[in-house]
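J.: First, the structure itself, so that you have it in front of you.
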Amino acid sequence: MVLAAWEWLPRWAVVNAALLPPLSDVLAMFVTILGRSQVQEAIAVTAGEVALAFMFAVPIGAGAGVLVAESQYFGQIFRPMLFYVFSIPKSIFLPMFILVFGIGFEQKVAYATFSTVFIVIMSAAAAVESVKADHVLVARSYGATRIQVVRRVYVPSMLPFLLETLRISMIFNLTGVMIAEMYASRSGIGQLIASWGENFQMPQLFAGVVLLAGAAIAFNETVRWLEAQCSAWRT
Amino acid sequence: MQRVANLSEPGAKEAQAAAIEVAELSHVYQGREGKVPALEGISLDVVAGRFVVIVGPSGCGKTSLLMMMAGLRRPTTGTILCAGRPIDVPDPDRIGVVFQEASLFPWLTALENIEFPLSIRGAPRLERRGRADAMLNLVGLAGFGARYPHELSGGMKQRVSIARGLVQDPPVLLMDEPFAALDEQTRMTMGHELLRIWSQTNKTVVFVTHSLTEAVYLADEVLVMSPRPGRIIDRAEVTLPRPRTYEMMATDVFGRLRERIWQNIRKVT
């Protein structure tokens, strides 16, 4: 329905085709721009930034989250601080990141890591707290060692939450990279989309949106599928 | 030494081996407003093979006492011996524990849950399967091994819990209000089932509950605890013959015992 409307509303001139090009034009442009080396390089740059920021944010955030949830000491010190920082829109720090890191690859990775790490900390802490004390007690009563408790109780309890964390943190991560690229950059998909918008190249702009949306949805659905596989036991 | 004496005089109760001996146990925990005495001067012997039930008002520390017998908590003072040796850390070879509802791991099937204690110990796969299957049969759940806990009724879940507690064949089974979350009918049926399993396995059972009817129906001996700080204020022998039947609940002996326990609890609350 939506796709049909996208195709036919501009064709019938119900909406302005200059603002919303028909779907078929956008898809044709999508294929065209994928063939351009400039776009291919941009994809490589953005994918590199996204992957690297993800690889920093998730382990750091997960480690910090576990620490905050498990250690009373760290929890009491850092929890209020985390809540404060979490509530701030991260984009207001973008100018500082530019001052420190410039407008290149490192700045995108640093900013995306920064904008993602807090949601990972919060979700990881929530995942740890979801582990039932009764289950830990059961394992201990059967003589489980600390490592066995972690492997046999913590990990399976937390797995569905952790996958959800991966999914949500990727959304934050992609947003971080895109904002950084659109704000000030010389390369990347975000920068291309921004400049296509400024130059009123609507078919290219929409093709870029389709590209990014496709990648984001593909990642999200893959992890959601994994979640469903791992949580067959959940009611 | 006691065991030798026991063999020569099998009828003498005083000489029978104690499966669990608690001596001068007390527990104080650090509350918000300073130290709170939770358990005070608890001494008791659980004779091997007996079914002992601990009752008391909520918050009297009966669950704490059970957790200490399981080696999951340390008392402030006093000692707990199981089979003559102290219990400092959980020892699944000597003691199995059955917890309140919802203690099964929801990500494991019934059979895998029962296997859990064995897999913690690193028992080979085949042995685990064999033992777990036997336990599943014992608790009357043959054919339900592949179900996940959420696919089982409350009563069935507790049968799995009992099977898990018994799978390592410990001489003592500690049960912490295992049927508290069940409806009245299921609860009675499960009590009856538990007695059947107990008579087939010759375990020593220490069972915590706040239901007086359940206590008298199941026990050889009922220990009554006072509100905090928990002390043992009465020790009632249940002289009803075994096997117990539902009809016994209507008898005078049953009623008088239940009344005596209730009066003792009421006096101190």
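Each chain in the structure tokens gets a letter, A, B and so on, in the order shown; residues start at 1 in every chain, and ligands are counted from 1 in the order they appear.
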Within 9 Å of chain B, which residues belong to chain A? Use only C-alpha atoms and report them as a PDB file with C-alpha atoms, in the first residue's frame.
T.:
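part-v1.pdb, written as the output of this step:
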ATOM      1  CA  LYS A 132      16.818 -13.927  39.778  1.00  0.00           C
ATOM      2  CA  ASP A 134      16.572 -17.558  43.636  1.00  0.00           C
ATOM      3  CA  HIS A 135      18.283 -19.010  40.583  1.00  0.00           C
ATOM      4  CA  LEU A 137      20.804 -19.617  45.260  1.00  0.00           C
ATOM      5  CA  VAL A 138      19.721 -22.858  43.555  1.00  0.00           C
ATOM      6  CA  ALA A 139      23.000 -23.068  41.667  1.00  0.00           C
ATOM      7  CA  ARG A 140      25.015 -22.345  44.814  1.00  0.00           C
ATOM      8  CA  SER A 141      23.108 -24.959  46.793  1.00  0.00           C
ATOM      9  CA  TYR A 142      24.264 -27.532  44.247  1.00  0.00           C
ATOM     10  CA  GLY A 143      27.839 -26.503  44.802  1.00  0.00           C
ATOM     11  CA  ALA A 144      28.300 -24.296  41.751  1.00  0.00           C
ATOM     12  CA  THR A 145      31.510 -22.262  41.688  1.00  0.00           C
ATOM     13  CA  GLN A 148      29.692 -21.890  36.998  1.00  0.00           C
ATOM     14  CA  ARG A 152      25.087 -21.452  33.898  1.00  0.00           C
ATOM     15  CA  VAL A 153      22.837 -18.781  35.439  1.00  0.00           C
ATOM     16  CA  PRO A 156      21.418 -17.696  29.966  1.00  0.00           C
ATOM     17  CA  SER A 157      19.288 -15.313  32.070  1.00  0.00           C
ATOM     18  CA  CYS A 230      17.266 -17.886  22.139  1.00  0.00           C
ATOM     19  CA  SER A 231      14.122 -17.149  24.043  1.00  0.00           C
ATOM     20  CA  ALA A 232      11.895 -20.018  23.018  1.00  0.00           C
ATOM     21  CA  TRP A 233      11.539 -20.722  26.733  1.00  0.00           C
ATOM     22  CA  ARG A 234      10.035 -17.322  27.456  1.00  0.00           C
ATOM     23  CA  THR A 235       6.309 -17.127  27.732  1.00  0.00           C
TER      24      THR A 235
END
J.: Which residues, written as a ChimeraX atom specification, have at least one atom at most 10 Å from stretch 189-192 of chain A, with only C-alpha atoms counted and residues fewer than 2 positions away on the same chain left out?
T.: /A:38-47,174-175,177-187,194-198,204-205,208-209,211-212
J.: As a ChimeraX atom specification, list the residues of stretch 95-255 of chain B assigned to helix (DSSP H, G or I) by DSSP on the backbone atoms of this structure.
T.: /B:110-121,125-138,149-151,154-166,184-201,212-218,246-250,252-255
J.: Hey, what's within 7 Å of stretch 11-24 of chain A if we count only C-alpha atoms and toss same-chain stuff fewer than 5 positions away? As a PyMOL selection string, please?
T.: chain A and resi 6+202-203
J.: Would you mind telling me which residue in A:Ala57, A:Ala110, A:Ile121, A:Val100 lies nearest to A:Met81 when using only C-alpha atoms?
T.: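 So, comparing all the options, the nearest one is A:Ile121.
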J.: Just the residues within 12 Å of B:Thr186, please, counting only C-alpha atoms, with nothing from its chain fewer than 2 positions along; format it as a list in words.
T.: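 Once the adjacent positions are removed, what remains is Ser153, Gly154, Gly155, Met156, Lys157, Gln158, Arg159, Pro178, Phe179, Ala180, Ala181, Leu182, Asp183, Glu184, Met188, Thr189, Met190, Gly191, His192, Glu193, Leu194 and Glu214 of chain B.
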J.: Please identify the strand (DSSP E or B) residues within stretch 175-234 of chain B (assignment by DSSP from backbone atoms) and present them as a PyMOL selection string.
T.: chain B and resi 175-176+204-209+221-225+230+232-234
J.: Just to be explicit: take each residue in the selection above, keep N, CA and C atoms, and write the result as a compact mmCIF listing (two decimals), in the first residue's frame.
T.:
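Dumped everything to again.txt:
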# COMPACT_ATOMS: atom_id res chain seq x y z
N MET B 175 13.40 -28.59 52.47
CA MET B 175 12.36 -28.06 51.61
C MET B 175 11.82 -26.76 52.18
N ASP B 176 11.94 -25.69 51.40
CA ASP B 176 11.54 -24.36 51.85
C ASP B 176 10.18 -23.98 51.25
N THR B 204 15.94 -38.19 55.00
CA THR B 204 15.59 -37.34 56.12
C THR B 204 15.07 -36.04 55.50
N VAL B 205 13.90 -35.60 55.94
CA VAL B 205 13.34 -34.38 55.35
C VAL B 205 13.15 -33.32 56.44
N VAL B 206 13.62 -32.10 56.14
CA VAL B 206 13.26 -30.95 56.97
C VAL B 206 12.46 -30.02 56.07
N PHE B 207 11.23 -29.74 56.50
CA PHE B 207 10.25 -29.10 55.65
C PHE B 207 9.75 -27.85 56.35
N VAL B 208 9.86 -26.69 55.71
CA VAL B 208 9.39 -25.44 56.31
C VAL B 208 8.06 -25.07 55.69
N THR B 209 7.11 -24.68 56.53
CA THR B 209 5.81 -24.25 55.99
C THR B 209 5.15 -23.31 56.98
N GLU B 221 7.31 -35.09 63.33
CA GLU B 221 7.64 -34.20 64.43
C GLU B 221 7.51 -32.77 63.91
N VAL B 222 6.78 -31.93 64.67
CA VAL B 222 6.60 -30.54 64.26
C VAL B 222 7.35 -29.64 65.24
N LEU B 223 8.23 -28.79 64.72
CA LEU B 223 8.91 -27.81 65.55
C LEU B 223 8.23 -26.47 65.33
N VAL B 224 7.87 -25.82 66.44
CA VAL B 224 7.14 -24.56 66.35
C VAL B 224 8.08 -23.42 66.72
N MET B 225 8.12 -22.41 65.87
CA MET B 225 9.01 -21.27 66.14
C MET B 225 8.22 -20.04 66.54
N GLY B 230 13.55 -15.62 66.33
CA GLY B 230 13.01 -16.97 66.27
C GLY B 230 13.64 -17.93 67.28
N ILE B 232 12.74 -21.95 69.21
CA ILE B 232 11.84 -23.09 69.12
C ILE B 232 11.05 -23.18 70.42
N ILE B 233 9.71 -23.01 70.31
CA ILE B 233 8.90 -22.93 71.52
C ILE B 233 8.10 -24.21 71.78
N ASP B 234 8.06 -25.09 70.81
CA ASP B 234 7.32 -26.33 71.04
C ASP B 234 7.84 -27.39 70.09
J.: What does the distance between atom CA of A:Phe30 and atom CA of A:Ala218 come to in Å, to one decimal place?
T.: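 Atom-to-atom, atom CA of A:Phe30 and atom CA of A:Ala218 are spaced 17.0 Å apart.
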J.: Which one of B:Arg256, B:Arg129, B:Arg85, B:Arg244 sits closest to B:Leu195 if you count only C-alpha atoms?
T.: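 Ranking B:Arg256, B:Arg129, B:Arg85, B:Arg244 by distance to B:Leu195, first place goes to B:Arg244.
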J.: Residues at most 6 Å from B:Glu115, counting only C-alpha atoms, excluding those fewer than 3 positions away in the same chain, as number ranges by chain?
T.: B: 112, 118, 128, 132
J.: At what distance in Å, to one decimal, does atom CA of B:Met248 lie from atom CA of B:Gln263?
T.: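 That distance, rounded to one decimal, is 20.6 Å.
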J.: For the atom pair atom CA of B:Pro57 and atom CA of B:Arg258, what is the interatomic distance in Å to one decimal place?
T.: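 Computing it gives 14.6 Å between the two atoms.
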J.: Go through B:Ala38, B:Ala83, B:Cys60, B:Val160 and flag the residue nearest B:His210, using only C-alpha atoms for the distances.
T.: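 When distances to B:His210 are compared using only C-alpha atoms, the smallest one comes from B:Cys60.
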J.: Tell me which protein, DNA and RNA residues are within 9 Å of stretch 27-36 of chain B, counting only C-alpha atoms, leaving out same-chain ones fewer than 4 positions away, and put them as JSON, numbers by chain.
T.: {"B": [40, 41, 64, 65, 74, 75, 76, 77, 78, 228, 229]}
J.: Write out as a ChimeraX atom specification which residues come within 9 Å of B:Thr201 when counting only C-alpha atoms, dropping same-chain ones fewer than 4 positions away.
T.: /B:166,169,196-197
J.: Could you write those residues out with C-alpha atoms, as a compact mmCIF listing (two decimals), in the first residue's frame?
T.:
# COMPACT_ATOMS: atom_id res chain seq x y z
CA LEU B 166 16.87 -35.86 44.93
CA ASP B 169 20.76 -38.99 46.20
CA ARG B 196 5.00 -41.47 48.81
CA ILE B 197 8.37 -40.33 47.40
